[in-house]
Amino acid sequence: MSGGDAQVQPRRSGLTRRQKRTLSRGAQYVLFVAAVIAFAATADWGRLKNQFAQWDLVRQMFPDVITLALKNTVLYTMSGFVVGLVLGMVIALMRLSPVGPYRWVAGIYIEIFRGLPALLIFVFVGVAVPLAFPGTEIPGGTYGKVALALGLVSAAYMAETIRAGIQAVPKGQMEAARSLGFSHARAMVSIIIPQAFRIVIPPLTNELVLLFKDSSLVLFLGVTLEERELTKFGRDLASQTANSTPILVAGLCYLLVTIPLGFVVRRLEAKAGEATK
């Protein structure tokens, strides 16, 4: 075959795959920076400062925003988490029970309370329970109502998390315990459940973060001035001053807790991943 009839080789691109990725990433950074500059150039910073950065209002919120609002938010969250954890453990064990009615009840509970908005659960606890049981009160007043409402909301999610953790423990652990003379209940309490909790600590910590934010729904129960949490505290002051600075400060107080908790979740997940390698 003559040289003129030789097939023409296709021209290769001058960029390698790595160079293309680098160029694409650089273009994305440029686009992001351009968007930030455009926002900074077009935003009315004077109006934003007047509405969200009144330092006299910030000073007015302290120390009550910490000693009252944040403290109540933490108390509501922890009490709800404890109730949800205990109830979730019971429901998870019912879900795994060989007794059919237990599994059915647990399954119905999980489907209902995972499907209902948390707001409706708070309304149910604050309104429906007193109507259904006249003359009875939930122990602890508002704190007891919030603990029950948050516990009912979180128990459905925790139950599925705990159930998955129990099922993730190798079956040989139970068989080994039974061969050593442990009863099924003792093997679950002493061997299976502790291992399961090491597995589910990261998702349970993440559930704690979600509960911390859901505690803002306490305002639908009707609270006194001394029972206000961050959202209610910020909204009341914002209404009195016709300014949104208190709401911004309340949001920053949420971040003071949720960001460290998020870091803890990521660290726990990383350690769990290293342990499984």
# chains A, B, ... in the order shown; residues from 1 in each chain; ligands from 1
>>> select_by_dssp(residues="region 44-231 of chain A", states="alpha helix (DSSP H)", output="compact mmCIF listing (two decimals) with N, CA and C atoms, in the first residue's frame")
# COMPACT_ATOMS: atom_id res chain seq x y z
N TRP A 45 -26.17 45.67 52.00
CA TRP A 45 -25.59 45.35 53.30
C TRP A 45 -26.07 46.29 54.40
N GLY A 46 -26.42 47.49 54.04
CA GLY A 46 -26.93 48.42 55.06
C GLY A 46 -28.24 47.95 55.65
N ARG A 47 -29.17 47.52 54.80
CA ARG A 47 -30.45 47.01 55.29
C ARG A 47 -30.27 45.71 56.06
N LEU A 48 -29.37 44.84 55.58
CA LEU A 48 -29.11 43.59 56.30
C LEU A 48 -28.56 43.86 57.69
N LYS A 49 -27.65 44.84 57.78
CA LYS A 49 -27.08 45.17 59.09
C LYS A 49 -28.14 45.73 60.03
N ASN A 50 -29.00 46.59 59.52
CA ASN A 50 -30.05 47.17 60.36
C ASN A 50 -31.03 46.10 60.85
N GLN A 51 -31.27 45.07 60.05
CA GLN A 51 -32.27 44.08 60.40
C GLN A 51 -31.69 42.91 61.19
N PHE A 52 -30.42 42.59 60.99
CA PHE A 52 -29.86 41.38 61.60
C PHE A 52 -28.63 41.61 62.46
N TRP A 55 -26.23 45.50 67.54
CA TRP A 55 -25.44 45.01 68.65
C TRP A 55 -26.04 45.34 70.00
N ASP A 56 -26.81 46.40 70.08
CA ASP A 56 -27.47 46.70 71.36
C ASP A 56 -28.48 45.62 71.72
N LEU A 57 -29.16 45.07 70.70
CA LEU A 57 -30.09 43.96 70.94
C LEU A 57 -29.34 42.69 71.30
N VAL A 58 -28.18 42.48 70.69
CA VAL A 58 -27.37 41.31 71.03
C VAL A 58 -26.97 41.36 72.50
N ARG A 59 -26.51 42.52 72.94
CA ARG A 59 -26.13 42.67 74.35
C ARG A 59 -27.32 42.50 75.27
N GLN A 60 -28.48 42.91 74.80
CA GLN A 60 -29.70 42.78 75.61
C GLN A 60 -30.09 41.32 75.81
N MET A 61 -29.74 40.45 74.89
CA MET A 61 -30.12 39.05 74.99
C MET A 61 -29.28 38.27 75.99
N ASP A 64 -29.35 35.87 79.29
CA ASP A 64 -30.55 35.01 79.31
C ASP A 64 -30.59 34.03 78.14
N LYS A 71 -30.15 26.71 77.88
CA LYS A 71 -30.24 25.68 78.91
C LYS A 71 -31.51 24.87 78.76
N ASN A 72 -32.65 25.53 78.54
CA ASN A 72 -33.91 24.81 78.36
C ASN A 72 -33.88 23.95 77.11
N THR A 73 -33.29 24.47 76.04
CA THR A 73 -33.19 23.68 74.81
C THR A 73 -32.41 22.40 75.04
N VAL A 74 -31.30 22.50 75.75
CA VAL A 74 -30.50 21.31 76.04
C VAL A 74 -31.27 20.34 76.93
N LEU A 75 -31.98 20.86 77.94
CA LEU A 75 -32.76 20.00 78.83
C LEU A 75 -33.87 19.29 78.06
N TYR A 76 -34.58 20.02 77.21
CA TYR A 76 -35.64 19.40 76.41
C TYR A 76 -35.06 18.29 75.52
N THR A 77 -33.93 18.60 74.90
CA THR A 77 -33.33 17.64 73.98
C THR A 77 -32.88 16.37 74.70
N MET A 78 -32.18 16.54 75.80
CA MET A 78 -31.65 15.37 76.51
C MET A 78 -32.76 14.52 77.11
N SER A 79 -33.80 15.17 77.65
CA SER A 79 -34.90 14.39 78.21
C SER A 79 -35.64 13.63 77.11
N GLY A 80 -35.85 14.27 75.95
CA GLY A 80 -36.48 13.59 74.84
C GLY A 80 -35.63 12.45 74.30
N PHE A 81 -34.31 12.66 74.29
CA PHE A 81 -33.41 11.62 73.80
C PHE A 81 -33.44 10.40 74.71
N VAL A 82 -33.45 10.63 76.02
CA VAL A 82 -33.49 9.50 76.96
C VAL A 82 -34.79 8.72 76.81
N VAL A 83 -35.92 9.43 76.75
CA VAL A 83 -37.21 8.75 76.57
C VAL A 83 -37.23 7.99 75.24
N GLY A 84 -36.75 8.63 74.18
CA GLY A 84 -36.73 7.98 72.88
C GLY A 84 -35.83 6.77 72.85
N LEU A 85 -34.69 6.85 73.53
CA LEU A 85 -33.75 5.73 73.55
C LEU A 85 -34.34 4.52 74.27
N VAL A 86 -34.94 4.77 75.43
CA VAL A 86 -35.55 3.67 76.19
C VAL A 86 -36.71 3.06 75.41
N LEU A 87 -37.59 3.92 74.92
CA LEU A 87 -38.74 3.43 74.16
C LEU A 87 -38.29 2.76 72.86
N GLY A 88 -37.29 3.33 72.21
CA GLY A 88 -36.78 2.75 70.98
C GLY A 88 -36.18 1.38 71.20
N MET A 89 -35.49 1.19 72.33
CA MET A 89 -34.93 -0.13 72.64
C MET A 89 -36.03 -1.16 72.80
N VAL A 90 -37.09 -0.78 73.53
CA VAL A 90 -38.21 -1.71 73.74
C VAL A 90 -38.85 -2.07 72.40
N ILE A 91 -39.07 -1.06 71.56
CA ILE A 91 -39.72 -1.31 70.27
C ILE A 91 -38.83 -2.15 69.36
N ALA A 92 -37.52 -1.91 69.41
CA ALA A 92 -36.59 -2.71 68.59
C ALA A 92 -36.63 -4.17 69.00
N LEU A 93 -36.65 -4.44 70.32
CA LEU A 93 -36.72 -5.82 70.78
C LEU A 93 -38.07 -6.45 70.43
N MET A 94 -39.14 -5.67 70.50
CA MET A 94 -40.44 -6.18 70.06
C MET A 94 -40.43 -6.51 68.58
N ARG A 95 -39.74 -5.65 67.81
CA ARG A 95 -39.65 -5.87 66.36
C ARG A 95 -38.93 -7.18 66.04
N GLY A 100 -45.63 -12.90 67.30
CA GLY A 100 -46.21 -12.12 66.22
C GLY A 100 -46.84 -10.81 66.65
N PRO A 101 -47.73 -10.79 67.66
CA PRO A 101 -48.37 -9.52 68.07
C PRO A 101 -47.37 -8.43 68.45
N TYR A 102 -46.25 -8.83 69.09
CA TYR A 102 -45.24 -7.84 69.45
C TYR A 102 -44.66 -7.19 68.18
N ARG A 103 -44.35 -8.02 67.19
CA ARG A 103 -43.79 -7.50 65.95
C ARG A 103 -44.79 -6.59 65.24
N TRP A 104 -46.07 -6.97 65.25
CA TRP A 104 -47.08 -6.17 64.57
C TRP A 104 -47.24 -4.80 65.24
N VAL A 105 -47.31 -4.81 66.58
CA VAL A 105 -47.46 -3.54 67.31
C VAL A 105 -46.26 -2.63 67.05
N ALA A 106 -45.06 -3.21 67.11
CA ALA A 106 -43.85 -2.42 66.88
C ALA A 106 -43.82 -1.88 65.46
N GLY A 107 -44.20 -2.70 64.50
CA GLY A 107 -44.20 -2.25 63.12
C GLY A 107 -45.20 -1.13 62.87
N ILE A 108 -46.39 -1.24 63.45
CA ILE A 108 -47.40 -0.19 63.30
C ILE A 108 -46.93 1.10 63.94
N TYR A 109 -46.34 1.00 65.13
CA TYR A 109 -45.84 2.20 65.81
C TYR A 109 -44.80 2.90 64.94
N ILE A 110 -43.85 2.14 64.43
CA ILE A 110 -42.77 2.73 63.64
C ILE A 110 -43.32 3.42 62.39
N GLU A 111 -44.23 2.76 61.71
CA GLU A 111 -44.77 3.35 60.48
C GLU A 111 -45.56 4.62 60.75
N ILE A 112 -46.33 4.63 61.85
CA ILE A 112 -47.14 5.80 62.17
C ILE A 112 -46.27 6.98 62.58
N PHE A 113 -45.36 6.75 63.52
CA PHE A 113 -44.61 7.88 64.07
C PHE A 113 -43.46 8.32 63.17
N ARG A 114 -43.06 7.49 62.24
CA ARG A 114 -42.11 7.97 61.23
C ARG A 114 -42.81 8.78 60.15
N GLY A 115 -44.09 8.52 59.95
CA GLY A 115 -44.83 9.20 58.89
C GLY A 115 -45.46 10.51 59.31
N ALA A 118 -43.47 15.99 63.19
CA ALA A 118 -43.23 16.17 64.62
C ALA A 118 -44.20 17.17 65.23
N LEU A 119 -44.62 18.18 64.47
CA LEU A 119 -45.55 19.18 64.97
C LEU A 119 -46.85 18.53 65.43
N LEU A 120 -47.36 17.57 64.66
CA LEU A 120 -48.61 16.90 65.04
C LEU A 120 -48.45 16.10 66.32
N ILE A 121 -47.26 15.54 66.54
CA ILE A 121 -47.01 14.80 67.77
C ILE A 121 -47.06 15.75 68.97
N PHE A 122 -46.50 16.94 68.82
CA PHE A 122 -46.54 17.92 69.91
C PHE A 122 -47.98 18.34 70.19
N VAL A 123 -48.76 18.56 69.14
CA VAL A 123 -50.17 18.93 69.33
C VAL A 123 -50.92 17.78 70.00
N VAL A 129 -53.93 14.25 74.63
CA VAL A 129 -53.73 13.46 75.85
C VAL A 129 -54.57 13.98 77.01
N PRO A 130 -54.57 15.31 77.29
CA PRO A 130 -55.45 15.80 78.37
C PRO A 130 -56.93 15.54 78.10
N LEU A 131 -57.34 15.59 76.82
CA LEU A 131 -58.74 15.32 76.50
C LEU A 131 -59.07 13.84 76.67
N ALA A 132 -58.14 12.98 76.32
CA ALA A 132 -58.40 11.54 76.42
C ALA A 132 -58.37 11.05 77.85
N GLY A 141 -44.69 18.67 84.05
CA GLY A 141 -45.22 19.86 83.39
C GLY A 141 -44.77 19.95 81.95
N THR A 142 -44.33 21.14 81.54
CA THR A 142 -43.89 21.34 80.17
C THR A 142 -42.69 20.47 79.82
N TYR A 143 -41.77 20.32 80.78
CA TYR A 143 -40.59 19.50 80.51
C TYR A 143 -41.00 18.05 80.26
N GLY A 144 -41.98 17.55 81.01
CA GLY A 144 -42.46 16.19 80.79
C GLY A 144 -43.16 16.04 79.46
N LYS A 145 -43.95 17.04 79.08
CA LYS A 145 -44.64 16.99 77.78
C LYS A 145 -43.65 16.99 76.62
N VAL A 146 -42.64 17.85 76.72
CA VAL A 146 -41.64 17.92 75.65
C VAL A 146 -40.86 16.60 75.58
N ALA A 147 -40.49 16.06 76.74
CA ALA A 147 -39.75 14.79 76.76
C ALA A 147 -40.58 13.69 76.11
N LEU A 148 -41.87 13.66 76.41
CA LEU A 148 -42.74 12.64 75.83
C LEU A 148 -42.88 12.84 74.33
N ALA A 149 -43.13 14.08 73.90
CA ALA A 149 -43.32 14.36 72.47
C ALA A 149 -42.06 14.04 71.67
N LEU A 150 -40.91 14.53 72.14
CA LEU A 150 -39.67 14.25 71.43
C LEU A 150 -39.33 12.76 71.50
N GLY A 151 -39.65 12.13 72.63
CA GLY A 151 -39.39 10.70 72.75
C GLY A 151 -40.22 9.89 71.79
N LEU A 152 -41.50 10.24 71.63
CA LEU A 152 -42.35 9.52 70.68
C LEU A 152 -41.86 9.70 69.25
N VAL A 153 -41.39 10.91 68.94
CA VAL A 153 -40.91 11.18 67.58
C VAL A 153 -39.64 10.38 67.30
N SER A 154 -38.69 10.43 68.25
CA SER A 154 -37.37 9.82 67.99
C SER A 154 -37.37 8.31 68.18
N ALA A 155 -38.29 7.78 68.99
CA ALA A 155 -38.27 6.35 69.29
C ALA A 155 -38.44 5.51 68.03
N ALA A 156 -39.27 5.96 67.10
CA ALA A 156 -39.50 5.19 65.88
C ALA A 156 -38.21 5.07 65.07
N TYR A 157 -37.45 6.17 64.97
CA TYR A 157 -36.19 6.13 64.22
C TYR A 157 -35.12 5.35 64.99
N MET A 158 -35.05 5.57 66.30
CA MET A 158 -34.06 4.86 67.10
C MET A 158 -34.32 3.36 67.10
N ALA A 159 -35.59 2.97 67.11
CA ALA A 159 -35.92 1.55 67.12
C ALA A 159 -35.36 0.85 65.89
N GLU A 160 -35.52 1.47 64.73
CA GLU A 160 -35.00 0.87 63.50
C GLU A 160 -33.47 0.88 63.50
N THR A 161 -32.87 1.92 64.04
CA THR A 161 -31.41 1.98 64.11
C THR A 161 -30.87 0.89 65.03
N ILE A 162 -31.50 0.75 66.21
CA ILE A 162 -31.05 -0.26 67.17
C ILE A 162 -31.29 -1.66 66.62
N ARG A 163 -32.43 -1.86 65.97
CA ARG A 163 -32.71 -3.18 65.38
C ARG A 163 -31.65 -3.55 64.35
N ALA A 164 -31.29 -2.58 63.50
CA ALA A 164 -30.26 -2.84 62.50
C ALA A 164 -28.92 -3.15 63.17
N GLY A 165 -28.61 -2.45 64.28
CA GLY A 165 -27.36 -2.72 64.99
C GLY A 165 -27.34 -4.11 65.59
N ILE A 166 -28.45 -4.54 66.17
CA ILE A 166 -28.52 -5.89 66.76
C ILE A 166 -28.35 -6.94 65.67
N GLN A 167 -29.00 -6.73 64.54
CA GLN A 167 -28.90 -7.70 63.46
C GLN A 167 -27.52 -7.70 62.80
N ALA A 168 -26.76 -6.61 62.98
CA ALA A 168 -25.42 -6.54 62.42
C ALA A 168 -24.40 -7.32 63.24
N LYS A 171 -24.17 -13.70 64.15
CA LYS A 171 -25.00 -14.67 64.86
C LYS A 171 -24.18 -15.61 65.73
N GLY A 172 -22.92 -15.76 65.36
CA GLY A 172 -22.06 -16.63 66.16
C GLY A 172 -21.88 -16.14 67.58
N GLN A 173 -22.07 -14.84 67.81
CA GLN A 173 -21.95 -14.31 69.17
C GLN A 173 -23.04 -14.86 70.06
N MET A 174 -24.26 -14.92 69.56
CA MET A 174 -25.36 -15.49 70.33
C MET A 174 -25.17 -17.00 70.52
N GLU A 175 -24.75 -17.68 69.48
CA GLU A 175 -24.55 -19.12 69.58
C GLU A 175 -23.45 -19.45 70.59
N ALA A 176 -22.38 -18.65 70.59
CA ALA A 176 -21.30 -18.88 71.55
C ALA A 176 -21.78 -18.63 72.98
N ALA A 177 -22.58 -17.58 73.16
CA ALA A 177 -23.09 -17.28 74.50
C ALA A 177 -24.02 -18.39 74.99
N ARG A 178 -24.87 -18.89 74.11
CA ARG A 178 -25.78 -19.97 74.51
C ARG A 178 -25.02 -21.25 74.84
N SER A 179 -23.94 -21.50 74.10
CA SER A 179 -23.14 -22.70 74.38
C SER A 179 -22.43 -22.62 75.73
N HIS A 184 -31.13 -16.67 76.64
CA HIS A 184 -31.25 -15.74 75.51
C HIS A 184 -31.29 -14.29 75.99
N ALA A 185 -32.06 -14.03 77.07
CA ALA A 185 -32.17 -12.67 77.58
C ALA A 185 -30.83 -12.17 78.11
N ARG A 186 -30.13 -13.04 78.86
CA ARG A 186 -28.85 -12.61 79.42
C ARG A 186 -27.82 -12.38 78.32
N ALA A 187 -27.84 -13.22 77.28
CA ALA A 187 -26.91 -13.04 76.17
C ALA A 187 -27.19 -11.72 75.44
N ILE A 193 -26.41 -6.62 72.82
CA ILE A 193 -26.78 -5.20 72.85
C ILE A 193 -25.56 -4.28 73.01
N PRO A 194 -24.59 -4.58 73.91
CA PRO A 194 -23.40 -3.71 73.97
C PRO A 194 -22.65 -3.62 72.64
N GLN A 195 -22.53 -4.73 71.91
CA GLN A 195 -21.87 -4.68 70.61
C GLN A 195 -22.71 -3.88 69.60
N ALA A 196 -24.03 -4.04 69.69
CA ALA A 196 -24.90 -3.31 68.78
C ALA A 196 -24.79 -1.80 69.00
N PHE A 197 -24.67 -1.39 70.26
CA PHE A 197 -24.60 0.04 70.54
C PHE A 197 -23.29 0.64 70.03
N ARG A 198 -22.23 -0.12 70.03
CA ARG A 198 -20.99 0.40 69.45
C ARG A 198 -21.16 0.66 67.95
N ILE A 199 -22.02 -0.12 67.32
CA ILE A 199 -22.26 0.04 65.89
C ILE A 199 -23.15 1.26 65.61
N VAL A 200 -24.15 1.47 66.48
CA VAL A 200 -25.17 2.48 66.18
C VAL A 200 -24.92 3.82 66.86
N ILE A 201 -23.79 3.98 67.54
CA ILE A 201 -23.51 5.26 68.20
C ILE A 201 -23.52 6.43 67.21
N PRO A 202 -22.88 6.33 66.03
CA PRO A 202 -22.92 7.47 65.10
C PRO A 202 -24.33 7.88 64.68
N PRO A 203 -25.21 6.95 64.22
CA PRO A 203 -26.56 7.39 63.86
C PRO A 203 -27.37 7.88 65.05
N LEU A 204 -27.14 7.34 66.24
CA LEU A 204 -27.86 7.84 67.41
C LEU A 204 -27.41 9.26 67.75
N THR A 205 -26.13 9.55 67.58
CA THR A 205 -25.64 10.91 67.81
C THR A 205 -26.25 11.86 66.79
N ASN A 206 -26.40 11.39 65.56
CA ASN A 206 -27.04 12.21 64.54
C ASN A 206 -28.50 12.47 64.90
N GLU A 207 -29.17 11.49 65.48
CA GLU A 207 -30.55 11.67 65.94
C GLU A 207 -30.62 12.72 67.05
N LEU A 208 -29.59 12.78 67.88
CA LEU A 208 -29.54 13.80 68.93
C LEU A 208 -29.50 15.20 68.31
N VAL A 209 -28.75 15.36 67.23
CA VAL A 209 -28.70 16.65 66.53
C VAL A 209 -30.08 17.03 66.01
N LEU A 210 -30.79 16.06 65.43
CA LEU A 210 -32.13 16.34 64.91
C LEU A 210 -33.09 16.70 66.03
N LEU A 211 -32.99 16.02 67.16
CA LEU A 211 -33.86 16.33 68.30
C LEU A 211 -33.58 17.73 68.82
N PHE A 212 -32.32 18.13 68.80
CA PHE A 212 -31.97 19.47 69.29
C PHE A 212 -32.71 20.53 68.49
N LYS A 213 -32.84 20.32 67.19
CA LYS A 213 -33.57 21.27 66.35
C LYS A 213 -35.08 21.12 66.52
N ASP A 214 -35.56 19.89 66.68
CA ASP A 214 -37.00 19.67 66.85
C ASP A 214 -37.52 20.24 68.17
N LEU A 230 -34.70 28.34 72.66
CA LEU A 230 -34.03 29.33 71.83
C LEU A 230 -34.96 29.99 70.81
N THR A 231 -35.74 29.19 70.10
CA THR A 231 -36.60 29.76 69.06
C THR A 231 -37.67 30.67 69.65
>>> residues_around(residues="region 221-228 of chain A", least_positions_apart="5", cutoff="6 Å", atoms="only C-alpha atoms", output="NGL selection string")
:A and (69 or 126 or 233)
>>> write_last_selection(atoms="all heavy atoms", output="compact mmCIF listing (two decimals), in the first residue's frame")
# COMPACT_ATOMS: atom_id res chain seq x y z
N ALA A 69 -32.55 30.25 77.70
CA ALA A 69 -33.03 29.65 76.45
C ALA A 69 -32.21 28.43 76.03
O ALA A 69 -32.76 27.37 75.74
CB ALA A 69 -33.04 30.70 75.34
N GLY A 126 -49.95 17.78 73.68
CA GLY A 126 -50.44 18.94 74.40
C GLY A 126 -51.95 19.05 74.48
O GLY A 126 -52.48 19.64 75.43
N PHE A 233 -37.58 32.17 72.54
CA PHE A 233 -36.90 33.33 73.13
C PHE A 233 -36.57 34.35 72.04
O PHE A 233 -36.82 35.56 72.20
CB PHE A 233 -35.61 32.86 73.83
CG PHE A 233 -34.88 33.93 74.56
CD1 PHE A 233 -35.19 34.24 75.87
CD2 PHE A 233 -33.86 34.64 73.93
CE1 PHE A 233 -34.50 35.24 76.55
CE2 PHE A 233 -33.17 35.64 74.59
CZ PHE A 233 -33.50 35.94 75.91
>>> atom_distance(atom1="CA of Val189 (chain A)", atom2="CA of Pro139 (chain A)")
29.1 Å
>>> closest_residue(among="A:Met188, A:Ala27, A:Ile66, A:Leu116", to="Val257 (chain A)", atoms="only C-alpha atoms")
A:Ile66
>>> decode(residues="region 34-71 of chain A", atoms="C-alpha atoms", output="compact mmCIF listing (two decimals), in the first residue's frame")
# COMPACT_ATOMS: atom_id res chain seq x y z
CA ALA A 34 -17.94 34.84 40.63
CA ALA A 35 -21.26 33.97 42.29
CA VAL A 36 -19.96 35.13 45.69
CA ILE A 37 -18.67 38.38 44.23
CA ALA A 38 -21.99 38.97 42.44
CA PHE A 39 -23.91 38.39 45.67
CA ALA A 40 -21.61 40.67 47.65
CA ALA A 41 -21.88 43.39 45.01
CA THR A 42 -25.67 43.34 44.71
CA ALA A 43 -26.75 42.76 48.32
CA ASP A 44 -27.94 45.74 50.34
CA TRP A 45 -25.59 45.35 53.30
CA GLY A 46 -26.93 48.42 55.06
CA ARG A 47 -30.45 47.01 55.29
CA LEU A 48 -29.11 43.59 56.30
CA LYS A 49 -27.08 45.17 59.09
CA ASN A 50 -30.05 47.17 60.36
CA GLN A 51 -32.27 44.08 60.40
CA PHE A 52 -29.86 41.38 61.60
CA ALA A 53 -26.89 43.04 63.31
CA GLN A 54 -28.11 45.42 66.00
CA TRP A 55 -25.44 45.01 68.65
CA ASP A 56 -27.47 46.70 71.36
CA LEU A 57 -30.09 43.96 70.94
CA VAL A 58 -27.37 41.31 71.03
CA ARG A 59 -26.13 42.67 74.35
CA GLN A 60 -29.70 42.78 75.61
CA MET A 61 -30.12 39.05 74.99
CA PHE A 62 -27.21 38.05 77.20
CA PRO A 63 -26.92 36.25 79.52
CA ASP A 64 -30.55 35.01 79.31
CA VAL A 65 -30.09 33.54 75.85
CA ILE A 66 -27.50 31.17 77.36
CA THR A 67 -28.59 30.70 80.97
CA LEU A 68 -32.29 30.36 80.12
CA ALA A 69 -33.03 29.65 76.45
CA LEU A 70 -30.04 27.46 75.57
CA LYS A 71 -30.24 25.68 78.91
